[in-house]
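Let me begin by presenting the structure, written as structure tokens, before commenting on it.
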Amino acid sequence: MNRPIGVFDSGIGGLSVLRALQKELPNEAFVYLADNAHAPYGEKSEAFVSQRTLAIADYLLTHHHIKALVVACNTATAAAIHGLRALHPALPIVGVEPALKPALAISQTRRIGVMATRGTVGSEKFARLLASVQGQAEFVVKACNGLALAIEQSTLPDRVEVAQQDIAQLLKTYTEAMGRFGNQPGEIDTLVLGCTHYVFVESALQDLLGPQVQMVSTGEPVARQTRRLLEMADLLSQDGTSTKQSTRLLTTGDLESLQAAAQRWLGLPSQACQAATLYVHGDQQDQAQDKQQ
Ligand code: DGL
């Protein structure tokens, strides 16, 4: 039997990673969990995000028998990847982190912008990552409160317009605060999208900052790393089931907005989406169930 690969995020941001996974691994089945009821993670405590991450991993293992897990969320990776690996040593686990090293490889001006959530930017893991590239370029790091939430809301049918205005305003405010963008000396020529949600506003950012600014995200490298881990564990699927037929999307929040996002960004039909309920008491997940719609 071909067991699915589990993928999760606080909400719809991880769909940008799922899209890359589907392309890289066309024969695999995926089950994606959007923890919309608790989004955004970026402005919650590390302990809370860690607790959700561990509960979601348990749920995907117990109820969906996943063979690997992709944490398609920078904030959850920063908060909980070490704990996850310690609890599930046999499970291939891939996390995401802001792509500082790939940005270093392409920046000419050596001035690199990084947009991420407050949780990611304030984490120890990010501090270590930043220290590991110290002296090789100047990194201008911005915690973008409210941006992931506005992107979430841009898929709610009755909020689209307001959310688009919020997104435009937030992008303007945050990028202006980072300084000048461009390819001249002293300008930021490379921008790291350090939150999986931000990939969905990449073209708005490109319009705002100009074509000479290069955007760096992590979907493709994460997908390649997932393939490598599956190969090493001899877990690659041997059958040829089409990805579109074998992708299931679950949400702990609003089903309609997940359906709208799945349709808009992955071309998936609404039947691919279901509501999921995870009951978490303290550190204990004591019950979980899917409600078929
Ligand atoms: N998409 C997530 C990330 O990559 C989290 C956004 C949020 O929930 O704040 O960090």
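Convention: chains lettered A, B, ... in structure tokens order; per-chain residue numbering from 1; ligands numbered from 1 as shown.
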Legend entry - 10 Å shell around ligand 1 using only C-alpha atoms and all ligand atoms, listed as a PyMOL selection string: chain A and resi 8-17+34-36+38-44+49+71-78+95-98+115-121+144-149+151-152+193-199+218
Inset, instruction - Identify, with DSSP run on backbone atoms, the residues in region 15-246 of chain A assigned to helix (DSSP H, G or I), and express the list as a PyMOL selection string. - result: chain A and resi 15-24+36-38+46-64+74-87+100-106+118-121+124-132+147-153+160-178+196-209+219-232+243-246
Inset, instruction - Excluding Asp234 (chain A) and residues on its chain fewer than 4 positions from it, collect all residues at most 12 Å away from it, counting only C-alpha atoms, and give them as a PyMOL selection string. - result: chain A and resi 67-68+92+227-230+238
Quick one: residues within 12 Å of His82 (chain A), only C-alpha atoms, excluding same-chain residues fewer than 2 positions away - as an mmCIF file with all heavy atoms, in the first residue's frame?
```cif
data_model
loop_
_atom_site.group_PDB
_atom_site.id
_atom_site.type_symbol
_atom_site.label_atom_id
_atom_site.label_comp_id
_atom_site.auth_asym_id
_atom_site.auth_seq_id
_atom_site.Cartn_x
_atom_site.Cartn_y
_atom_site.Cartn_z
ATOM 1 N N SER A 50 4.711 24.627 19.428
ATOM 2 C CA SER A 50 5.336 23.326 19.584
ATOM 3 C C SER A 50 4.277 22.268 19.941
ATOM 4 O O SER A 50 4.251 21.167 19.379
ATOM 5 C CB SER A 50 6.401 23.450 20.671
ATOM 6 O OG SER A 50 6.994 22.227 20.877
ATOM 7 N N THR A 53 2.259 21.422 16.897
ATOM 8 C CA THR A 53 3.055 20.648 15.931
ATOM 9 C C THR A 53 3.110 19.170 16.341
ATOM 10 O O THR A 53 2.885 18.278 15.505
ATOM 11 C CB THR A 53 4.479 21.241 15.843
ATOM 12 O OG1 THR A 53 4.363 22.606 15.454
ATOM 13 C CG2 THR A 53 5.342 20.499 14.837
ATOM 14 N N LEU A 54 3.374 18.924 17.614
ATOM 15 C CA LEU A 54 3.470 17.533 18.073
ATOM 16 C C LEU A 54 2.113 16.832 17.971
ATOM 17 O O LEU A 54 2.031 15.663 17.573
ATOM 18 C CB LEU A 54 4.001 17.473 19.507
ATOM 19 C CG LEU A 54 5.402 18.087 19.731
ATOM 20 C CD1 LEU A 54 5.849 17.879 21.166
ATOM 21 C CD2 LEU A 54 6.442 17.525 18.777
ATOM 22 N N VAL A 71 7.146 19.577 7.450
ATOM 23 C CA VAL A 71 6.649 20.703 8.256
ATOM 24 C C VAL A 71 6.767 21.941 7.353
ATOM 25 O O VAL A 71 7.825 22.541 7.245
ATOM 26 C CB VAL A 71 7.485 20.872 9.544
ATOM 27 C CG1 VAL A 71 6.945 22.009 10.400
ATOM 28 C CG2 VAL A 71 7.506 19.573 10.340
ATOM 29 N N ALA A 76 6.751 26.756 12.785
ATOM 30 C CA ALA A 76 6.641 25.464 13.470
ATOM 31 C C ALA A 76 7.977 24.732 13.435
ATOM 32 O O ALA A 76 8.352 24.062 14.406
ATOM 33 C CB ALA A 76 5.555 24.614 12.828
ATOM 34 N N THR A 77 8.712 24.851 12.341
ATOM 35 C CA THR A 77 10.032 24.216 12.261
ATOM 36 C C THR A 77 10.937 24.791 13.341
ATOM 37 O O THR A 77 11.608 24.057 14.072
ATOM 38 C CB THR A 77 10.663 24.447 10.864
ATOM 39 O OG1 THR A 77 9.797 23.890 9.874
ATOM 40 C CG2 THR A 77 12.032 23.793 10.755
ATOM 41 N N ALA A 78 10.939 26.139 13.444
ATOM 42 C CA ALA A 78 11.808 26.783 14.436
ATOM 43 C C ALA A 78 11.423 26.348 15.847
ATOM 44 O O ALA A 78 12.271 26.102 16.691
ATOM 45 C CB ALA A 78 11.725 28.301 14.297
ATOM 46 N N ALA A 79 10.128 26.221 16.097
ATOM 47 C CA ALA A 79 9.669 25.931 17.462
ATOM 48 C C ALA A 79 9.821 24.453 17.834
ATOM 49 O O ALA A 79 10.040 24.145 19.003
ATOM 50 C CB ALA A 79 8.205 26.347 17.618
ATOM 51 N N ALA A 80 9.688 23.547 16.860
ATOM 52 C CA ALA A 80 9.447 22.152 17.275
ATOM 53 C C ALA A 80 10.177 21.066 16.512
ATOM 54 O O ALA A 80 10.002 19.891 16.834
ATOM 55 C CB ALA A 80 7.949 21.880 17.201
ATOM 56 N N LEU A 84 10.193 17.094 17.562
ATOM 57 C CA LEU A 84 9.548 16.133 16.656
ATOM 58 C C LEU A 84 10.481 14.988 16.315
ATOM 59 O O LEU A 84 10.096 13.819 16.352
ATOM 60 C CB LEU A 84 9.215 16.836 15.341
ATOM 61 C CG LEU A 84 7.816 17.297 15.032
ATOM 62 C CD1 LEU A 84 7.750 17.825 13.621
ATOM 63 C CD2 LEU A 84 6.787 16.189 15.243
ATOM 64 N N ARG A 85 11.725 15.364 15.961
ATOM 65 C CA ARG A 85 12.701 14.325 15.569
ATOM 66 C C ARG A 85 13.021 13.413 16.748
ATOM 67 O O ARG A 85 13.196 12.204 16.581
ATOM 68 C CB ARG A 85 13.975 14.973 15.026
ATOM 69 C CG ARG A 85 13.725 15.642 13.687
ATOM 70 C CD ARG A 85 15.014 15.847 12.896
ATOM 71 N NE ARG A 85 14.679 16.226 11.529
ATOM 72 C CZ ARG A 85 14.974 17.402 10.985
ATOM 73 N NH1 ARG A 85 15.622 18.312 11.678
ATOM 74 N NH2 ARG A 85 14.606 17.668 9.733
ATOM 75 N N ALA A 86 13.065 13.993 17.947
ATOM 76 C CA ALA A 86 13.366 13.178 19.127
ATOM 77 C C ALA A 86 12.228 12.193 19.399
ATOM 78 O O ALA A 86 12.450 11.046 19.761
ATOM 79 C CB ALA A 86 13.593 14.082 20.328
ATOM 80 N N LEU A 87 10.992 12.640 19.186
ATOM 81 C CA LEU A 87 9.836 11.773 19.453
ATOM 82 C C LEU A 87 9.618 10.714 18.383
ATOM 83 O O LEU A 87 9.042 9.671 18.650
ATOM 84 C CB LEU A 87 8.566 12.633 19.528
ATOM 85 C CG LEU A 87 8.212 13.232 20.871
ATOM 86 C CD1 LEU A 87 7.013 14.162 20.721
ATOM 87 C CD2 LEU A 87 7.884 12.125 21.882
ATOM 88 N N HIS A 88 10.030 11.031 17.148
ATOM 89 C CA HIS A 88 9.767 10.102 16.027
ATOM 90 C C HIS A 88 11.058 9.827 15.259
ATOM 91 O O HIS A 88 11.200 10.224 14.096
ATOM 92 C CB HIS A 88 8.712 10.711 15.076
ATOM 93 C CG HIS A 88 7.437 11.080 15.754
ATOM 94 N ND1 HIS A 88 6.519 10.149 16.185
ATOM 95 C CD2 HIS A 88 6.939 12.279 16.121
ATOM 96 C CE1 HIS A 88 5.507 10.762 16.773
ATOM 97 N NE2 HIS A 88 5.736 12.055 16.746
ATOM 98 N N PRO A 89 11.985 9.136 15.904
ATOM 99 C CA PRO A 89 13.307 8.971 15.278
ATOM 100 C C PRO A 89 13.279 8.191 13.957
ATOM 101 O O PRO A 89 14.152 8.384 13.116
ATOM 102 C CB PRO A 89 14.126 8.223 16.347
ATOM 103 C CG PRO A 89 13.132 7.663 17.307
ATOM 104 C CD PRO A 89 11.911 8.515 17.241
ATOM 105 N N ILE A 93 11.565 13.318 8.452
ATOM 106 C CA ILE A 93 10.930 14.622 8.722
ATOM 107 C C ILE A 93 11.735 15.705 8.018
ATOM 108 O O ILE A 93 12.956 15.770 8.144
ATOM 109 C CB ILE A 93 10.898 14.913 10.242
ATOM 110 C CG1 ILE A 93 10.082 13.842 10.987
ATOM 111 C CG2 ILE A 93 10.314 16.304 10.517
ATOM 112 C CD1 ILE A 93 10.110 13.975 12.505
ATOM 113 N N VAL A 94 11.026 16.558 7.271
ATOM 114 C CA VAL A 94 11.683 17.675 6.582
ATOM 115 C C VAL A 94 11.068 18.968 7.094
ATOM 116 O O VAL A 94 9.846 19.094 7.155
ATOM 117 C CB VAL A 94 11.478 17.581 5.043
ATOM 118 C CG1 VAL A 94 12.240 18.700 4.326
ATOM 119 C CG2 VAL A 94 11.925 16.232 4.516
ATOM 120 N N GLY A 95 11.900 19.919 7.467
ATOM 121 C CA GLY A 95 11.397 21.220 7.908
ATOM 122 C C GLY A 95 11.770 22.301 6.910
ATOM 123 O O GLY A 95 12.446 22.027 5.911
ATOM 124 N N GLU A 124 15.536 30.778 18.575
ATOM 125 C CA GLU A 124 16.961 30.441 18.723
ATOM 126 C C GLU A 124 17.497 29.839 17.429
ATOM 127 O O GLU A 124 18.633 30.066 17.050
ATOM 128 C CB GLU A 124 17.100 29.383 19.809
ATOM 129 C CG GLU A 124 17.556 29.939 21.131
ATOM 130 C CD GLU A 124 17.626 28.838 22.161
ATOM 131 O OE1 GLU A 124 18.253 27.799 21.908
ATOM 132 O OE2 GLU A 124 16.979 29.032 23.223
ATOM 133 N N LYS A 125 16.647 29.044 16.782
ATOM 134 C CA LYS A 125 17.093 28.371 15.562
ATOM 135 C C LYS A 125 17.480 29.408 14.505
ATOM 136 O O LYS A 125 18.486 29.263 13.819
ATOM 137 C CB LYS A 125 15.954 27.468 15.041
ATOM 138 C CG LYS A 125 16.395 26.472 14.017
ATOM 139 C CD LYS A 125 15.319 25.431 13.783
ATOM 140 C CE LYS A 125 15.785 24.337 12.856
ATOM 141 N NZ LYS A 125 16.170 24.808 11.546
#
```
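For the pair CA of Pro211 (chain A) and CA of Ala223 (chain A), the interatomic distance is 26.1 Å.
Distances from A:Met232, A:Ile81, A:Leu130, A:Leu170 to Glu46 (chain A) were compared using only C-alpha atoms, and the smallest one belongs to A:Ile81.
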Inset, instruction - Write out as an MDAnalysis selection string each polymer residue whose atoms come within 10 Å of region 259-271 of chain A, counting only C-alpha atoms; drop sequence neighbours fewer than 5 positions from it. - result: chainID A and resid 12:13 15:16 18:19 22 152 154:157 200 244:245 247:251 254 292:293
Could those selected residues go to a file with N, CA, C and O atoms, as a compact mmCIF listing (two decimals), in the first residue's frame?
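As a result, result_19.txt now contains:
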```txt
# COMPACT_ATOMS: atom_id res chain seq x y z
N ILE A 12 -2.85 28.05 5.02
CA ILE A 12 -2.73 27.74 3.60
C ILE A 12 -1.33 27.98 3.03
O ILE A 12 -1.07 27.63 1.89
N GLY A 13 -0.44 28.59 3.83
CA GLY A 13 0.90 28.92 3.32
C GLY A 13 1.63 27.69 2.80
O GLY A 13 2.28 27.73 1.76
N LEU A 15 0.62 25.31 1.28
CA LEU A 15 0.19 24.85 -0.05
C LEU A 15 1.26 25.21 -1.09
O LEU A 15 1.39 24.54 -2.11
N SER A 16 2.05 26.27 -0.82
CA SER A 16 3.13 26.62 -1.74
C SER A 16 4.20 25.53 -1.74
O SER A 16 4.83 25.25 -2.76
N LEU A 18 3.44 22.30 -0.85
CA LEU A 18 2.75 21.14 -1.41
C LEU A 18 2.80 21.16 -2.95
O LEU A 18 3.01 20.12 -3.59
N ARG A 19 2.65 22.36 -3.51
CA ARG A 19 2.71 22.50 -4.97
C ARG A 19 4.07 22.01 -5.50
O ARG A 19 4.13 21.27 -6.49
N GLN A 22 4.24 18.17 -5.13
CA GLN A 22 3.46 17.45 -6.15
C GLN A 22 4.25 17.36 -7.46
O GLN A 22 4.19 16.36 -8.16
N GLU A 152 -4.16 34.66 4.68
CA GLU A 152 -5.22 33.69 5.02
C GLU A 152 -6.58 34.27 4.64
O GLU A 152 -7.41 33.62 4.02
N SER A 154 -7.38 36.53 2.59
CA SER A 154 -7.62 36.84 1.18
C SER A 154 -8.30 35.69 0.46
O SER A 154 -8.70 35.83 -0.69
N THR A 155 -8.42 34.52 1.12
CA THR A 155 -9.15 33.43 0.47
C THR A 155 -10.59 33.33 0.97
O THR A 155 -11.36 32.51 0.47
N LEU A 156 -10.95 34.12 1.99
CA LEU A 156 -12.34 34.08 2.45
C LEU A 156 -13.19 34.89 1.48
O LEU A 156 -12.93 36.08 1.29
N PRO A 157 -14.18 34.25 0.86
CA PRO A 157 -14.93 34.91 -0.20
C PRO A 157 -15.40 36.33 0.17
O PRO A 157 -15.29 37.24 -0.64
N PHE A 200 2.68 33.37 -1.80
CA PHE A 200 1.46 33.73 -2.53
C PHE A 200 1.33 35.24 -2.77
O PHE A 200 0.39 35.67 -3.43
N LYS A 244 -3.07 14.43 -8.33
CA LYS A 244 -4.30 15.17 -8.09
C LYS A 244 -5.37 14.29 -7.45
O LYS A 244 -6.15 14.74 -6.63
N GLN A 245 -5.36 13.00 -7.83
CA GLN A 245 -6.36 12.10 -7.24
C GLN A 245 -5.97 11.67 -5.84
O GLN A 245 -6.76 11.10 -5.13
N THR A 247 -4.35 13.62 -3.41
CA THR A 247 -4.03 14.68 -2.46
C THR A 247 -5.29 14.99 -1.67
O THR A 247 -6.33 15.32 -2.24
N ARG A 248 -5.19 14.84 -0.35
CA ARG A 248 -6.33 15.19 0.53
C ARG A 248 -5.92 16.37 1.37
O ARG A 248 -4.80 16.41 1.90
N LEU A 249 -6.83 17.32 1.49
CA LEU A 249 -6.55 18.51 2.29
C LEU A 249 -7.51 18.56 3.46
O LEU A 249 -8.72 18.38 3.29
N LEU A 250 -6.97 18.79 4.65
CA LEU A 250 -7.79 18.85 5.86
C LEU A 250 -7.60 20.20 6.52
O LEU A 250 -6.51 20.76 6.50
N THR A 251 -8.65 20.70 7.16
CA THR A 251 -8.51 21.93 7.92
C THR A 251 -9.17 21.81 9.28
O THR A 251 -10.22 21.16 9.40
N ASP A 254 -11.96 26.95 8.74
CA ASP A 254 -13.03 27.17 7.78
C ASP A 254 -12.80 26.37 6.48
O ASP A 254 -11.82 26.59 5.77
N GLN A 292 -16.28 13.73 7.21
CA GLN A 292 -16.43 13.72 5.75
C GLN A 292 -17.53 14.72 5.39
O GLN A 292 -18.58 14.71 5.98
N GLN A 293 -17.23 15.63 4.46
CA GLN A 293 -18.25 16.64 4.09
C GLN A 293 -19.14 16.13 2.98
O GLN A 293 -18.65 15.54 2.06
```
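Distances from A:Ala105, A:Val140, A:Leu100, A:Ala163 to Ile188 (chain A) were compared using only C-alpha atoms, and the smallest one belongs to A:Val140.
What separates CA of Leu33 (chain A) from CA of Ala276 (chain A) is a distance of 8.2 Å.
Proximity to Leu278 (chain A) was assessed for A:Gln51, A:Leu25, A:Thr252, A:Phe30 counting only C-alpha atoms; the smallest distance is recorded for A:Thr252.
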